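A.B. asks: I'd like to ask some things about the structure below.
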Amino acid sequence: MKVAIIGGGPGGLYLAILLRRANPDTQVTIWERNKIEDTFGFGVVLSDATEGILAAADDVTHEAMTALMHRWGDIDVHINGACITSGGHGFSGISRRVLLEILRDRARELGTTLHELTEAPPVEELLDRYDLVVAADGVNSRVRDSRAGRFGATVDLRPNRFVWLGTTRPFPSFFFSFRQNAHGLWRAHAYQYAEGESTFIVETTEEAWQAAGLAEDDEAATIAYCEALFAEELEGHRLVANRSIWRQFPTVKCRHWSDGRLVLLGDSAHTAHFSVGSGTKLAMEDAIELSRVLQGATDVAAALRTYETERRPGVESVQRAAQASLEWFEATERYDDLEPLQFAYSLLTRSLRITHENLRTRDPAFVERVERWYADKAGVTPVAGKTSPPPFLTPFRLREMQLVNRIVVSPMCQYSAVDGVPNDWHLQHLASRAIGGAGLVMTEMTDVSAEGRITPGCTGIYSDAQVAGWKRIVDFVRAHAPDTRMGMQLGHAGRKAATRLMWEGDNEPLAQGAWPIMSASAIAWKPENQVPRAMTRGDMDRVRDEFVEAAGRAHASGFDLIELHLAHGYLLASFISPVTNRRADEYGGSLTNRMRFPLEVVRAVRAAWPADKPLTARVSATDWHPDGLTGEESVEVARLLGAAGVDAVDVSAGQTTPEQRPIYGRAFQTPFADRIRHEAGVVTMAVGNIQSHEDVNAILAAGRADLVLMARAHLWDPYWTRHAAYALGHPMEWPPQYESLNNYNARI
């Protein structure tokens, strides 16, 4: 096989090494427009896990790297005069120039042809002469840009400014510092990569950078400004430049990585923010996987498709983590209310990849310190000889409702009611989760009227029979799980009403028996769905009163809390989103107008609901649609709800329109709860693919939410809360029926 590689960065050079190492008959030629050693930047960071992967791929290269690496295990976070240290993280740094020289020498040793200071021939010419062409020409890839349509390339230029500098100060750790001055908040990311050589990246917002009057390419002014700003951190050492311009980070994604026998590698195909240090890692791991699939391949284009199929999930996982990390640094200003310890914890877990227990494995003393602090803030009295409870087992108070822990069973529609009346299925579903130890158990969306039902199988709270059915369930929980509180979610399906049971066809219209539906505007969910009528003022009056009456019935049923469903495209949500609200009257247009009717309902319900009982609201923080609700608007929605008497906001996302384009992942909706909590100043509840107690504790300890809602985890295991508490060494008391059985089994 003849292989042409455009670009002599780490990815291209490492691919040449692996291809020649695996098969000396493979002819590899690299074109690099610069000298290999004329690289920009300073150091490269690799984790211990990445080093293990590289060692397995080519031990000779890894040994050469290891001899010149600087290693550290601590992360120091400097904020507001405090330094918080966490250890056990396992990183190494190496000079980017040295790394490239090692890779160059190894590639040449194995017989690679390398053309430095030479532009590569046109791709079409290379494809005529070579079996495979690899574009490893970096973030500003000319090859990718020339075929952007074929690759489906997008470049998201992020708002923050950053500059890559160096210094002679030998940092003993991975070092973060946050400095506030008259121009704004400045972030420093620093680490040592060789004796007397460290990377020193400075990052800030566009507004702060503009206020400071710095030019993109004035290195002297940049160094003078940053040396004065970070004089304490530099300890008398100087900063140095190396093509150090102020840039904005480009997040590169491609729908396809290959085009026939042409493939993108590394930054040309995908980028990951420098705050997770993954650019070089991704490029070299790309090379490992690409080399593997090419061994013995007779159809190069097919091999490239296999490469992408097998490599993409790992890359996208890193990119999701990098996105969460870069967004944390873009919005660090919102965390100025956090105490230094919680701020540091938030930074360490910002990518959502490091969980509470993962951090405990690395640095148990640090996590114990965080747990003691969190328990103290929650008012937990220390018990001699016992460790502090994990965050999710601390109490939380909303008005006069006291929760024994922070776990909430999320509303889960069961589609099993008859005429809206809950039955034995609902009793076992809710009661088993209550006995399972959750602090709060929520009903499914319970409709305020018959026409407000999603399906004929949905529960309601608009008749005496329904009140009796709900009271039976609440009374059972009171008797057998007295520590658990019960909440009812009230809603109206709006344009998503009169559809089939989920397992018969999600959001598909009823074949017969459908009832008239309404929404903010006359827009059907899909063309095959019924077109709702646009609500009149009379409709609004009636629906508002139905919510008020439902609240009264919920109180009569014995519920401790009610939640109003203002999310997922249902009736009240249809007013909030610009995708579903096209009204030209005082209830459409601006966010103020779109919130007018939902807030009217909230205020009416709050007035009718007992003052000692909390009221919450579920919102969709994003519609996952380019014309939908913006992040700024979602914060304002939460702020308006809080002012109207809502005690906590349950932050969900999407389901507003079938044209949504969600970005899924573990705890993928938590960043929305985080932003709303800090920017709107309201209590938030996080929901969305939160599966483990590690995730729950990290969300709470970092201050991303105050309560955590879980659905699937509680479907798989109704006793999830008890099992999690036991696993963490804080077992909960069982009901006497089970406790006596445990004692009996212990005796025999």
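As shown in the structure tokens, the chain order sets the letters A, B, ...; within each chain, residues go from 1, and ligands are also counted from 1 in the order they appear.
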I'd like the contact shell of range 287-289 of chain A - 10 Å cut-off, only C-alpha atoms, skipping same-chain residues fewer than 5 positions apart - returned as a tab-separated table (two decimals) with C-alpha atoms, in the first residue's frame.

C.D. replies:
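out-v2.tsv written:
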chain	number	residue	atom	x	y	z
A	10	PRO	CA	1.69	14.22	15.96
A	11	GLY	CA	-1.17	12.41	14.22
A	12	GLY	CA	0.44	12.21	10.80
A	13	LEU	CA	3.89	11.23	12.10
A	14	TYR	CA	2.48	8.62	14.48
A	15	LEU	CA	0.36	7.07	11.73
A	16	ALA	CA	3.48	6.73	9.58
A	17	ILE	CA	5.29	5.01	12.45
A	18	LEU	CA	2.48	2.54	13.07
A	19	LEU	CA	1.94	1.73	9.39
A	53	ILE	CA	-2.44	3.22	25.09
A	54	LEU	CA	0.64	4.72	23.41
A	56	ALA	CA	0.95	-0.65	23.76
A	57	ALA	CA	0.93	0.81	20.24
A	58	ASP	CA	4.70	1.42	19.95
A	136	ALA	CA	-3.61	15.50	8.98
A	265	LEU	CA	-7.16	12.68	10.91
A	266	GLY	CA	-6.86	14.56	14.21
A	281	LYS	CA	-4.28	12.44	22.41
A	282	LEU	CA	-7.13	12.26	19.90
A	294	LEU	CA	-5.81	-0.79	7.36
A	306	THR	CA	-14.99	0.87	9.36
A	307	TYR	CA	-12.44	3.18	10.95
A	308	GLU	CA	-15.00	5.92	11.35
A	310	GLU	CA	-15.40	2.21	15.36
A	311	ARG	CA	-13.53	5.40	16.20

A.B. asks: In range 323-514 of chain A, what's helix (DSSP H, G or I) per DSSP? Answer as an MDAnalysis selection string?

C.D. replies: chainID A and resid 323:330 332:335 340:348 356:362 364:377 391:393 424:435 450:452 464:480 494:496 502:504

A.B. asks: Please identify all polymer residues within 10 Å of Glu659 in chain A, counting only C-alpha atoms, omitting same-chain residues fewer than 4 positions from it, and present them as JSON, numbers by chain.

C.D. replies: {"A": [525, 526, 623, 624, 625, 626, 655]}

A.B. asks: What would the file look like if the residues just selected were written as a PDB file, in the first residue's frame with N, CA and C atoms?

C.D. replies:
ATOM      1  N   TRP A 525     -48.568  18.914  15.664  1.00  0.00           N
ATOM      2  CA  TRP A 525     -47.301  18.301  16.028  1.00  0.00           C
ATOM      3  C   TRP A 525     -46.597  17.783  14.781  1.00  0.00           C
ATOM      4  N   LYS A 526     -47.300  17.015  13.979  1.00  0.00           N
ATOM      5  CA  LYS A 526     -46.836  16.549  12.677  1.00  0.00           C
ATOM      6  C   LYS A 526     -48.003  16.671  11.707  1.00  0.00           C
ATOM      7  N   ASP A 623     -35.081  24.131  23.187  1.00  0.00           N
ATOM      8  CA  ASP A 623     -35.937  23.363  22.283  1.00  0.00           C
ATOM      9  C   ASP A 623     -35.114  22.491  21.350  1.00  0.00           C
ATOM     10  N   TRP A 624     -33.771  22.567  21.462  1.00  0.00           N
ATOM     11  CA  TRP A 624     -32.882  21.860  20.534  1.00  0.00           C
ATOM     12  C   TRP A 624     -33.244  22.216  19.082  1.00  0.00           C
ATOM     13  N   HIS A 625     -33.561  23.474  18.862  1.00  0.00           N
ATOM     14  CA  HIS A 625     -34.007  23.930  17.545  1.00  0.00           C
ATOM     15  C   HIS A 625     -33.448  25.335  17.323  1.00  0.00           C
ATOM     16  N   PRO A 626     -32.941  25.626  16.120  1.00  0.00           N
ATOM     17  CA  PRO A 626     -32.312  26.943  15.912  1.00  0.00           C
ATOM     18  C   PRO A 626     -33.246  28.123  16.110  1.00  0.00           C
ATOM     19  N   GLN A 655     -38.311  18.187  23.298  1.00  0.00           N
ATOM     20  CA  GLN A 655     -39.628  17.593  23.096  1.00  0.00           C
ATOM     21  C   GLN A 655     -40.678  18.635  22.744  1.00  0.00           C
TER      22      GLN A 655
END

A.B. asks: For range 25-42 of chain A, work out the shell of residues within 7 Å, counting only C-alpha atoms and skipping chain neighbours fewer than 3 positions away, then give it as a PDB file with C-alpha atoms, in the first residue's frame.

C.D. replies:
ATOM      1  CA  MET A   1       0.000   0.000   0.000  1.00  0.00           C
ATOM      2  CA  LYS A   2       1.147   3.514  -0.823  1.00  0.00           C
ATOM      3  CA  VAL A   3       0.060   6.162   1.696  1.00  0.00           C
ATOM      4  CA  ALA A   4       0.325   9.953   1.370  1.00  0.00           C
ATOM      5  CA  ILE A   5       0.036  12.035   4.539  1.00  0.00           C
ATOM      6  CA  ILE A   6      -0.540  15.784   4.395  1.00  0.00           C
ATOM      7  CA  GLY A   7       0.754  17.321   7.629  1.00  0.00           C
ATOM      8  CA  GLY A   8       3.648  16.421   9.903  1.00  0.00           C
ATOM      9  CA  ALA A  16       3.483   6.730   9.579  1.00  0.00           C
ATOM     10  CA  LEU A  19       1.938   1.729   9.394  1.00  0.00           C
ATOM     11  CA  ARG A  20       5.654   1.099   8.761  1.00  0.00           C
ATOM     12  CA  SER A  95       7.550  19.713  24.966  1.00  0.00           C
ATOM     13  CA  ARG A  96       5.579  19.777  21.742  1.00  0.00           C
ATOM     14  CA  ARG A  97       8.794  20.416  19.826  1.00  0.00           C
ATOM     15  CA  LEU A 100       7.555  16.073  17.194  1.00  0.00           C
ATOM     16  CA  GLU A 101      11.305  15.477  16.961  1.00  0.00           C
ATOM     17  CA  THR A 112       9.110   6.999   6.089  1.00  0.00           C
ATOM     18  CA  THR A 113       9.782   9.580   3.385  1.00  0.00           C
ATOM     19  CA  LEU A 114       9.390  13.047   4.903  1.00  0.00           C
ATOM     20  CA  HIS A 115       9.313  16.274   2.900  1.00  0.00           C
ATOM     21  CA  GLU A 116       9.713  19.303   5.175  1.00  0.00           C
ATOM     22  CA  LEU A 117       9.222  22.893   4.023  1.00  0.00           C
ATOM     23  CA  THR A 118       7.203  21.458   1.154  1.00  0.00           C
ATOM     24  CA  GLU A 119       3.578  21.977   0.200  1.00  0.00           C
ATOM     25  CA  ALA A 120       1.778  18.742  -0.568  1.00  0.00           C
ATOM     26  CA  TRP A 164      -0.757  30.405  24.512  1.00  0.00           C
ATOM     27  CA  GLY A 166       5.261  29.967  28.176  1.00  0.00           C
ATOM     28  CA  THR A 199       2.895  26.296  29.491  1.00  0.00           C
ATOM     29  CA  ASN A 242       5.824  31.771  20.447  1.00  0.00           C
ATOM     30  CA  ARG A 243       3.417  33.046  17.810  1.00  0.00           C
TER      31      ARG A 243
END

A.B. asks: Near range 698-714 of chain A, within 6 Å and counting only C-alpha atoms, which residues show up once chain neighbours fewer than 5 positions away are dropped, as a ChimeraX atom specification?

C.D. replies: /A:342,345-346,355-356,406-410,674,684-687,691,720

A.B. asks: Could those selected residues go to a file with C-alpha atoms, as an mmCIF file, in the first residue's frame?

C.D. replies:
data_model
loop_
_atom_site.group_PDB
_atom_site.id
_atom_site.type_symbol
_atom_site.label_atom_id
_atom_site.label_comp_id
_atom_site.auth_asym_id
_atom_site.auth_seq_id
_atom_site.Cartn_x
_atom_site.Cartn_y
_atom_site.Cartn_z
ATOM 1 C CA GLN A 342 -16.982 24.002 46.006
ATOM 2 C CA TYR A 345 -14.825 20.699 43.066
ATOM 3 C CA SER A 346 -16.938 22.181 40.278
ATOM 4 C CA THR A 355 -17.566 11.515 39.020
ATOM 5 C CA HIS A 356 -17.694 11.767 42.782
ATOM 6 C CA ARG A 406 -32.004 14.788 47.577
ATOM 7 C CA ILE A 407 -33.288 11.943 45.351
ATOM 8 C CA VAL A 408 -36.535 12.511 43.463
ATOM 9 C CA VAL A 409 -38.322 9.838 41.443
ATOM 10 C CA SER A 410 -39.022 11.621 38.183
ATOM 11 C CA ASP A 674 -26.395 24.553 36.498
ATOM 12 C CA THR A 684 -33.021 23.758 40.533
ATOM 13 C CA MET A 685 -33.723 20.077 40.020
ATOM 14 C CA ALA A 686 -31.541 18.225 37.486
ATOM 15 C CA VAL A 687 -32.941 15.492 35.250
ATOM 16 C CA GLN A 691 -27.815 6.922 36.237
ATOM 17 C CA TRP A 720 -32.095 2.394 43.919
#

A.B. asks: May I ask which of the residues A:Ser92, A:Thr499, A:Thr670, A:Thr271 is the closest one to Gly138 in chain A, counting only C-alpha atoms?

C.D. replies: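 Closest candidate: A:Thr271.
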
A.B. asks: Skip Thr580 in chain A itself and residues of its chain fewer than 5 positions away, then list as a PyMOL selection string all residues within 12 Å of it, counting only C-alpha atoms.

C.D. replies: chain A and resi 494-496+518-525+532+534+567-575+588-589+594+623+625+627-629+655-659

A.B. asks: Looking at A:Val315, A:Leu239, A:Ala135, A:Met595, which one is nearest to His270 in chain A, with distances taken over only C-alpha atoms?

C.D. replies: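 When distances to His270 in chain A are compared using only C-alpha atoms, the smallest one comes from A:Val315.
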
A.B. asks: Within 10 Å of Val276 in chain A, counting only C-alpha atoms, which residues qualify if same-chain residues fewer than 5 places away don't, as a PyMOL selection string?

C.D. replies: chain A and resi 45-46+318-319+321-326+350-351

A.B. asks: With N, CA and C atoms retained, could you export that selection as an mmCIF file, in the first residue's frame?

C.D. replies:
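Here's the written file part-v7.cif:
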data_model
loop_
_atom_site.group_PDB
_atom_site.id
_atom_site.type_symbol
_atom_site.label_atom_id
_atom_site.label_comp_id
_atom_site.auth_asym_id
_atom_site.auth_seq_id
_atom_site.Cartn_x
_atom_site.Cartn_y
_atom_site.Cartn_z
ATOM 1 N N VAL A 45 0.008 17.778 27.115
ATOM 2 C CA VAL A 45 -0.362 17.027 28.315
ATOM 3 C C VAL A 45 -0.953 15.682 27.914
ATOM 4 N N LEU A 46 -0.539 14.637 28.611
ATOM 5 C CA LEU A 46 -1.092 13.305 28.410
ATOM 6 C C LEU A 46 -1.440 12.714 29.770
ATOM 7 N N VAL A 318 -15.297 12.235 23.944
ATOM 8 C CA VAL A 318 -14.320 13.243 24.369
ATOM 9 C C VAL A 318 -14.812 14.638 23.999
ATOM 10 N N GLN A 319 -15.399 14.787 22.820
ATOM 11 C CA GLN A 319 -15.882 16.102 22.411
ATOM 12 C C GLN A 319 -17.017 16.593 23.306
ATOM 13 N N ALA A 321 -17.348 15.843 26.483
ATOM 14 C CA ALA A 321 -16.679 16.260 27.717
ATOM 15 C C ALA A 321 -15.967 17.592 27.520
ATOM 16 N N ALA A 322 -15.321 17.755 26.369
ATOM 17 C CA ALA A 322 -14.616 19.005 26.082
ATOM 18 C C ALA A 322 -15.599 20.168 25.972
ATOM 19 N N GLN A 323 -16.763 19.913 25.397
ATOM 20 C CA GLN A 323 -17.766 20.971 25.284
ATOM 21 C C GLN A 323 -18.228 21.422 26.664
ATOM 22 N N ALA A 324 -18.475 20.458 27.548
ATOM 23 C CA ALA A 324 -18.880 20.811 28.909
ATOM 24 C C ALA A 324 -17.771 21.593 29.609
ATOM 25 N N SER A 325 -16.543 21.197 29.381
ATOM 26 C CA SER A 325 -15.417 21.883 30.012
ATOM 27 C C SER A 325 -15.259 23.303 29.485
ATOM 28 N N LEU A 326 -15.284 23.456 28.163
ATOM 29 C CA LEU A 326 -15.104 24.811 27.618
ATOM 30 C C LEU A 326 -16.247 25.727 28.027
ATOM 31 N N ARG A 350 -16.012 19.368 35.985
ATOM 32 C CA ARG A 350 -16.720 20.185 34.995
ATOM 33 C C ARG A 350 -17.090 19.435 33.722
ATOM 34 N N SER A 351 -16.264 18.461 33.319
ATOM 35 C CA SER A 351 -16.524 17.760 32.061
ATOM 36 C C SER A 351 -17.571 16.673 32.216
#

A.B. asks: In terms of the shortest atom-to-atom distance over only C-alpha atoms, which of A:Thr592, A:Thr484, A:Asn423, A:Ser317 is closest to Leu440 in chain A?

C.D. replies: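 Result for the nearest residue to Leu440 in chain A: A:Thr484.
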